[in-house]
Structure formats: C-alpha cells, structure tokens
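Participant: My questions all concern the structure below.
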Amino acid sequence: MRGRWKAIAAVVLSGVLTVSGCGGSDDEGGGDASQVEVFSWWTGPGEADGLEAMKADFEKKNPGIKFVNAAIAGGSGTQAQAVLASRLQNRKPPDSFQGHAGAELLDYIKAGQIEPLDDFYNENNLRQAYPEQLLQQITYQGKIYSVPVNIHRSNVLWYNPGILKEAGLSGPPKTVAEFIDALKAVKEKTDKVPLSLGAQWTADHLLENVLLGDLGTDAYNALWKPGADWSSPAVTKALTDFAEILKYTTVEAASTDWQGAAKAVVDGKAAFNIMGDWAYGYFVNPAPNGLGKKLDTDFKYAPAPGTDGTYMWLSDSFTLPRGAPHRGGAIAWLKEVASKEGQDLFNPKKGSIPARKDADRSLYKGYLEYAINEWNKPGIKLAGSFWHGVTANKKWHTDIDTAVGLFLQDRNVGKLQAALVEAAKNSSQ
Amino acid sequence: MATLRPRRSKKWLPGLLLVSPSIIAIGVFVYGLIFWNMRVAVSGSHDEVTPYGFDKGRNFVDLWSDPSWPPAVRHALLFTVVFVGGALLLGAFLAFLMEKGIKAEAGFRAVYLFPMAISFIASGVVWRWLMNPAPPERAVGLNQLFDRIGLGLLANDWWQNRTWGMAAMAVPAIWQMTGYVMALYLAGFRGVPDDLREAARVDGASEWQVYRYVVFPQLRPVTLSALIILGHISLKVFDLIMAIAGKQIITYVPAIATYVEVFDRHDPANGATIATYLLLAVALLVIPYLVWSVRAERDR
C-alpha cells in the first residue's frame, strides 16, 4: 500500500515539476536582431515622450527590428529595479535595461549580468564623443559597462527671488557659510520657510550637496574611492553644517516628496530648495504635467552653495545584459542611444541634456541652455552624485540613507559620522 | 482481509487524488519556499554573487547590531499594541451599542464595515494628507480642521513624532479594521441565547452583571479570533506604511526592512532573516490558536 502511495505521489509530483520546469531552456540568441525589448522606468510625462521620439528614430533607421517597450512605472525606478532584479536572477533579461551610470551598476557587473562595452565604444568612436571625465568616472576596473543617454545635474539651488528680497538678500549664497546666514535671514525677517525639504531621500540629496560644497570637488570624489577617510575633521565640519541647515527646514518634510518641496519655492512659500534639475521641467511645463511657472519671476536657479564650477552629474544609461535574447537588436538600440540624433530627440523632451559633447545646443532653452553650456565648459569639474547611483553601490547607498534617516530623528552628528564611516567600510565596493 | 484492502483504498483514493494537487502546490509553494527562505537566511550570502554557505544562524544575532533593525522592531510592537488594542476596544464598543438596539442598525453596520473594502494602499494616500504635521499657517488635513474649529491644541505631529509616531500610524489601521471587529463581536453577542440572559435577570442580576458574568465570558472565542487576525495583519503591515510614509526610517517596520534589504540593498541573507523573524512572530500568535481551536473542536 505504501509503495503504491509513493508511486502516485511520484507521478503527480513529476507532473507538477514538468509543468513548472518548462520554459527553462536558455537559448543563446547570438545576433538575433528581429526585435529589441527595452526595459526602463520612463513612463512619466516628458520622459515617456522622449523615449517615444527615440523609438520612432530607431524604427526609421532599423526597419527590420521590432521595438518592445517594457517600461515599468514608479519614480526613480524603485519598482522597476525590483522587477529587473527578479528577471535577471531568473536569467530572463530584457535585451537592454536602463540603469543609472556608475556604481549603481556594480552589483550587475559583479554578478556577471551585464557585458563590458569597450568594443562597442571603440567601433562607434564613442570615446571621443563623450567627455573624458565622464568616461573615467563610469569605468570599473578598466571597462565601461553602459551607454549614457542623458545628464542631469544634482547641485542646483532653486530660490524664490521675491522672498530673498524680502529677507534683504542681494542674491543666492555662494558658499555653505553664506547659505546658513541666508537661511537665518529668511527665518528672522520673513514668515516663509527658509529651506523646503521633502521625504528622507531629499535629505540624502541635500547631504551630497553640502558635502560637495564644503569639501570641494576633489575631496568629495575621494570619499568614494577605496579606503576613503570619512572620519576626517573636514567631513565633521560638513556634517555639522548639514545639521545646522536642517534646522531651517519644515517639520512636515517627511510627508512631502520632492515635488511638494520644490513647489513650495515657486508658490512663494519657501525661499530655497536644493533639488536636481528635473525640478525645472516640473516648474515650467504647462499643467497637468507641470506648474506652468516662469523662470526669473517665479523662481531662479544657482549652483548649490559652494559648488560653482563643478557639475554634480547623474546619468541614465543603457546596458547589454549577458544572454540578451536579441543581442543584435540590443546593439542597434545602444547605437541609437549613443547617437547625436537620438540624444537630441530624447533630451529636450525629458528636460535633461545630452551626455555627448557635440549636441545641437540651439535645442536647449532656459535653464537647459545654462546646463549644456556648463557641461561643455572647458575646465568644468565633474563629481558623481552618490544618491543617484554614480559613486556608491546599492548597499552603500542604502546604508547612508539609513544613517541619514536615523540622524533626522536624533540629530547626533557624531553618530552620523560614525555610521558613514561604517557604511563606507561595509560597502565592499 | 485480502478483499478488504482494495475496498479501503477505493474509499480514500479518489479523495486523495482530489486534494493532492493542492497538497503538492502548498507543499512546494508555501512550505518549500518557507524552507528555502530559511536556507537563504543562514546562507551568509550578503550579496547576489557569493555562493550560499552556512553561517550557523549567526545572521539572526548579527541583525540586532544593524542600526535600522531595533527601531523597526520597536515600531512594529508599538504599532501592534495600539492597533490591536484600539480596534478591539472600539469594535467591541460599537457592537455593544448595536446590540442594545439602535435605529437603522443595518445602515450603521454597513457604514462601519465600508472602510474594510478599501485597500490600505488607497486609504493610506488619504491618511498621509490627513495626518500632515504642518504648523497652523501651512496646516492641511486634521490639523487644519482642529485649528478651524478652535481645537488647535489637538493638532499634533502625528506619525512624525520621534517617540510615539507609530501610535499615530495605527489610527488609519484602527479606522479600517474596527468595522470588522464590530461584525465579529456582533455575531458573538447574537450567539448568546436570550434564555441565558433571562435566567440571569430572573436570578436578580443587574444589566451590568448580565454582561459581566453571562455575555462577556461567552465572547472569549470571538476575542481570541479577532486578536489573532488583527495581530498577524499588524505584524506584517507593509502597504499602509508604504503609502503614508514610504521607506523612511521614522516608520521603518520589519516588512519594509525585508523589501529594502532584498530589492534596495541587494542583501538576500538579511532579507530572508527578517522574513524568518516575521514568520516566527506570526507563528507565536497562530500556533497556540490552532492548538486551542483543534482542542475545542475535539471537545465538542
């Protein structure tokens, strides 16, 4: 009897296993160029239009390749990255996926999930097309793993000119010390919020700007090298300033995301906000996708205090996953992403600037004109944004976020610095 | 005997065949994956590259020195105490009022039950706005309401209070689940036969004594079920907090920590360890309940 039971169980079990096990075959795909599945988190206004424009150009140039848009909604890709992680672990990668250029890709690189693209860069003469510092900063152990399509700037100070006038300030602060004085002036002389802040991650964004402003570009960049010294007095000074600046923010910060915080400036409720330049599109675009505000009257911009002459950049880039089912299609897509036409079609819509040096500058107006001129200015220094994936891998990034989150509660600078030292040590980057 | 055997198997075989797909599916997808989760928890694999080893359960200890874990546990406990306690008391009270016979009872019942039909993620968006801690000049939501009706002193910083914030986070959960608890208790009250109450009254018991000594003792099974149901919802709370506060440390709880460890931090071992702790915590609630209900069934 027991034998028969076992036999039945075995039959049923094997049935289940065949059902669940099918589809596990892994074809290598070689140079299949019949289609390309492009995975991104570009679903919002502007970015989705930019992707659509690039797709149209791609299909015109590659009539035989079917473009499959596998975009997943969710700000800065948190949901998309969770889906991507499971697809990569199941060895079912898309043909190309979006990722922030730089250290955020390290987990994929170490897991052997994406291929180096040095040959692709050489064949398409891309080493001359991109700024040298940018390529240096996205090179890992001598190899490049992604193709940047755009550049955003992290170190932008948005301010309300009316409130600054009311507070008796002649212009935006140039250093972190001036910034703290300006915040104080706003607090004392007006009834407005000195610095609007959003949820925890916007404090991380503020932290990277204060670190850059206080330490300077070289010392900031050195923080992300192996064996960096996070316990130095210079870092203590920057963190003390960070703590001081946070005193001028709102109690309801945690209830607001970056949009709410940025909106407070153009609505005349707050004097300053430090946010990346995606805020610009949000300010000027007509409703419902933006606030329809005017540059110079409703708001103005300046480099974040102490960071003029440095471009703290972040970049969306595309990769070539190992075992991409349609490798030929993926290569064709990467060519589109790297091309001058592709980048000039995408970026004006997305509200960012091309990573390439040879873009058509007449397409970029208002703030973007300033951004593209800064990006291509001789002598500009580049610093990678840690919060937006350039200089810190996922583990380091999350650990700093935790340290900042705890700091927002206890406001203990010593503990914050100790946690940052620990985070750098544990990053295994 | 020889003829009896096949007949016996005829009796159980069709039944077994009928349930075996679900037994196997549950075996693989529930218990198999629980086992796999525990395997990952002790694998010592803190990134997605290191092959699985065996760390002898060290990670279950190490987790406690992770700066974000003790606050997560504290938040979950505070949330659970306030949410379960609040929903039980309020639900029982509402059921008691209903039981005393009010007009349009069916209407009230529906009103109190409706919040349950909304998902936490949807109501969370509204509560995020309601529980905004801004000072009077920028106030929105409940703080603005309090300010307008002259109860400004009731305005507070809700879940952004550094010590008691998670208690405020329980308010939306109480709002959502009280109707359900009320329905459970109402069924319990109705299940107490009128004869018993009559008998007590004949014996000279006051109305309070009827409830204290006759009705409430009969509600113990209801209370226990409600406790278990709310308790496990509370320990696993994820969507409500995600909608109201996102992944911020100020409202960090174990379920959010699992998500962050696995998908943001790319640390499968930590994620699995937290998931195992969650499972153990829920098991502490559920297993005694199962034992108790099996025993109660046997005694019947």
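Ligands are numbered from 1 in the order shown, chains are lettered A, B, ... in the order of the structure tokens, and residues start at 1 in each chain.
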Please list as a compact mmCIF listing (two decimals) with C-alpha atoms, in the first residue's frame every residue within 12 Å of Ser315 (chain A), counting only C-alpha atoms and excluding residues in the same chain fewer than 6 positions away.

Facilitator:
# COMPACT_ATOMS: atom_id res chain seq x y z
CA SER A 76 13.39 56.90 -9.96
CA GLN A 98 18.06 51.40 -18.06
CA GLY A 99 20.34 51.98 -15.12
CA HIS A 100 22.00 54.98 -13.54
CA ALA A 101 25.51 55.12 -14.94
CA GLY A 102 28.24 54.42 -12.41
CA ALA A 103 28.44 52.40 -9.21
CA GLU A 104 24.76 51.53 -9.17
CA LEU A 105 25.58 49.01 -11.91
CA LEU A 134 32.59 61.17 -17.56
CA LEU A 135 34.11 58.05 -19.10
CA GLN A 137 34.01 58.09 -13.69
CA ILE A 138 31.94 55.27 -15.18
CA SER A 146 26.85 51.23 -20.07
CA VAL A 147 25.96 53.89 -22.63
CA PRO A 148 24.84 57.22 -21.12
CA VAL A 149 21.97 58.88 -22.91
CA ASN A 150 21.43 61.99 -20.77
CA ILE A 151 22.89 64.07 -17.99
CA HIS A 152 21.03 65.55 -15.05
CA ARG A 153 22.54 67.96 -12.59
CA SER A 154 22.18 67.39 -8.87
CA GLY A 276 18.21 68.08 -9.15
CA ASP A 277 17.39 69.82 -12.40
CA TRP A 278 14.40 67.59 -13.13
CA ASN A 347 16.71 65.17 -24.04
CA SER A 352 17.94 66.90 -19.46
CA ILE A 353 20.98 67.47 -21.64
CA PRO A 354 22.88 65.04 -23.89
CA ALA A 355 25.90 63.35 -22.44
CA ARG A 356 27.68 63.74 -25.80
CA ALA A 383 31.56 64.98 -9.47
CA GLY A 384 29.28 61.96 -9.35
CA SER A 385 26.05 62.10 -7.38
CA PHE A 386 26.10 59.40 -4.71
CA TRP A 387 22.36 59.42 -4.12
CA HIS A 388 21.57 58.99 -7.80
CA GLY A 389 23.75 55.97 -8.31
CA VAL A 390 27.04 57.32 -9.63
CA THR A 391 29.55 56.83 -6.83

Participant: Give me, as CSV, each residue of chain B that comes within 6 Å of chain A, together with its shortest interatomic pair and the distance in Å at one decimal, counting only C-alpha atoms, with rows ordered by chain and rising residue number.

Facilitator:
residue,atom,partner,partner_atom,distance
B:Val49,CA,A:Ala111,CA,5.2
B:Pro133,CA,A:Glu252,CA,5.3
B:Ala134,CA,A:Glu252,CA,5.1
B:Gln248,CA,A:Gln200,CA,5.9
B:Ile249,CA,A:Gly405,CA,5.0
B:Phe263,CA,A:Ala82,CA,5.4
B:Arg265,CA,A:Lys395,CA,4.5

Participant: Which one of A:Gly168, A:Ile400, A:Ile65, A:Gln343 sits closest to Asp204 (chain A) if you count only C-alpha atoms?

Facilitator: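 Selected residue with least distance to Asp204 (chain A): A:Ile400.
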
Participant: Rounded to one decimal place, report the CA of Pro115 (chain B)-CA of Val282 (chain B) distance in Å.

Facilitator: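 It comes out at 24.4 Å.
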
Participant: Taking 2 positions as the minimum chain separation for residues in the same chain, which residues sit within 8 Å of region 187-197 of chain B when counting only C-alpha atoms? Answer as a PDB file with N, CA and C atoms, in the first residue's frame.

Facilitator:
ATOM      1  N   ALA B  95     -20.125  47.218  18.692  1.00  0.00           N
ATOM      2  CA  ALA B  95     -21.008  46.056  18.652  1.00  0.00           C
ATOM      3  C   ALA B  95     -21.974  46.092  19.827  1.00  0.00           C
ATOM      4  N   PHE B  96     -21.457  46.531  20.982  1.00  0.00           N
ATOM      5  CA  PHE B  96     -22.287  46.618  22.179  1.00  0.00           C
ATOM      6  C   PHE B  96     -23.438  47.603  21.955  1.00  0.00           C
ATOM      7  N   GLU B  99     -25.913  46.165  19.660  1.00  0.00           N
ATOM      8  CA  GLU B  99     -26.642  45.073  20.294  1.00  0.00           C
ATOM      9  C   GLU B  99     -27.734  45.608  21.190  1.00  0.00           C
ATOM     10  N   ALA B 183     -18.235  43.517  13.545  1.00  0.00           N
ATOM     11  CA  ALA B 183     -19.062  42.455  12.975  1.00  0.00           C
ATOM     12  C   ALA B 183     -18.831  41.137  13.716  1.00  0.00           C
ATOM     13  N   LEU B 184     -17.553  40.867  14.035  1.00  0.00           N
ATOM     14  CA  LEU B 184     -17.247  39.633  14.772  1.00  0.00           C
ATOM     15  C   LEU B 184     -17.961  39.627  16.121  1.00  0.00           C
ATOM     16  N   TYR B 185     -17.857  40.751  16.837  1.00  0.00           N
ATOM     17  CA  TYR B 185     -18.464  40.817  18.170  1.00  0.00           C
ATOM     18  C   TYR B 185     -19.983  40.763  18.089  1.00  0.00           C
ATOM     19  N   ALA B 199     -32.511  34.103  32.296  1.00  0.00           N
ATOM     20  CA  ALA B 199     -32.282  33.335  33.522  1.00  0.00           C
ATOM     21  C   ALA B 199     -31.518  34.180  34.530  1.00  0.00           C
ATOM     22  N   ALA B 200     -30.497  34.898  34.028  1.00  0.00           N
ATOM     23  CA  ALA B 200     -29.696  35.729  34.927  1.00  0.00           C
ATOM     24  C   ALA B 200     -30.554  36.840  35.521  1.00  0.00           C
ATOM     25  N   ARG B 201     -31.397  37.421  34.653  1.00  0.00           N
ATOM     26  CA  ARG B 201     -32.231  38.520  35.151  1.00  0.00           C
ATOM     27  C   ARG B 201     -33.214  38.020  36.197  1.00  0.00           C
ATOM     28  N   VAL B 210     -25.345  41.067  34.057  1.00  0.00           N
ATOM     29  CA  VAL B 210     -25.671  40.134  32.976  1.00  0.00           C
ATOM     30  C   VAL B 210     -24.522  40.112  31.972  1.00  0.00           C
ATOM     31  N   VAL B 214     -22.357  36.894  32.220  1.00  0.00           N
ATOM     32  CA  VAL B 214     -23.001  35.955  31.303  1.00  0.00           C
ATOM     33  C   VAL B 214     -22.544  36.159  29.857  1.00  0.00           C
ATOM     34  N   VAL B 215     -22.636  37.408  29.384  1.00  0.00           N
ATOM     35  CA  VAL B 215     -22.380  37.622  27.955  1.00  0.00           C
ATOM     36  C   VAL B 215     -20.881  37.644  27.637  1.00  0.00           C
ATOM     37  N   GLN B 218     -18.802  34.544  27.255  1.00  0.00           N
ATOM     38  CA  GLN B 218     -19.094  33.735  26.061  1.00  0.00           C
ATOM     39  C   GLN B 218     -18.428  34.325  24.820  1.00  0.00           C
ATOM     40  N   LEU B 219     -17.863  35.516  24.969  1.00  0.00           N
ATOM     41  CA  LEU B 219     -17.261  36.166  23.808  1.00  0.00           C
ATOM     42  C   LEU B 219     -15.771  35.874  23.697  1.00  0.00           C
ATOM     43  N   VAL B 222     -14.492  34.773  20.336  1.00  0.00           N
ATOM     44  CA  VAL B 222     -14.510  35.862  19.355  1.00  0.00           C
ATOM     45  C   VAL B 222     -13.306  36.769  19.568  1.00  0.00           C
TER      46      VAL B 222
END

Participant: Which residues are near region 165-182 of chain B? Cut-off 6 Å, only C-alpha atoms, ignore same chain within fewer than 2 positions. Put them as a count of residues only.

Facilitator: 21

Participant: Could you check how far CA of Leu223 (chain A) sits from CA of Val421 (chain A), in Å to one decimal?

Facilitator: 10.2 Å

Participant: Quick one: DSSP helix (DSSP H, G or I) residues in region 10-154 of chain A, as a ChimeraX atom specification?

Facilitator: /A:10-21,47-61,75-89,103-110,118-123,126-129,132-138

Participant: Under the rule that only C-alpha atoms are counted, which of B:Ala257, B:Pro217, B:Trp292, B:Leu130 is the nearest residue to Pro71 (chain B)?

Facilitator: B:Ala257

Participant: Expressed in Å to a single decimal, how great is the separation between CA of Asn156 (chain B) and CA of Asn143 (chain B)?

Facilitator: 7.0 Å

Participant: Show me, as an MDAnalysis selection string, the residues that have an atom within 8 Å of Thr307 (chain A) when counting only C-alpha atoms, minus same-chain residues fewer than 3 positions from it.

Facilitator: chainID A and resid 155 175 209 212:213 216:217 303:304 310:311

Participant: Selected residues, C-alpha atoms, written as a PDB file, in the first residue's frame, please.

Facilitator:
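For reference, selection.pdb as written:
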ATOM      1  CA  ASN A 155      23.747  70.572  -7.486  1.00  0.00           C
ATOM      2  CA  THR A 175      29.246  79.239  -0.052  1.00  0.00           C
ATOM      3  CA  ASN A 209      25.323  68.839  -1.996  1.00  0.00           C
ATOM      4  CA  LEU A 212      30.424  68.758  -2.212  1.00  0.00           C
ATOM      5  CA  GLY A 213      30.044  72.405  -1.219  1.00  0.00           C
ATOM      6  CA  GLY A 216      35.340  70.722  -2.689  1.00  0.00           C
ATOM      7  CA  THR A 217      35.248  68.512  -5.764  1.00  0.00           C
ATOM      8  CA  PRO A 303      24.712  76.368  -8.379  1.00  0.00           C
ATOM      9  CA  ALA A 304      24.212  74.775  -4.961  1.00  0.00           C
ATOM     10  CA  THR A 310      31.510  71.664 -10.584  1.00  0.00           C
ATOM     11  CA  TYR A 311      28.859  69.648 -12.343  1.00  0.00           C
TER      12      TYR A 311
END

Participant: Tell me which of B:Ala155, B:Ile26, B:Val291, B:Ala110 sits closest to Ala139 (chain B), counting only C-alpha atoms.

Facilitator: B:Ala155
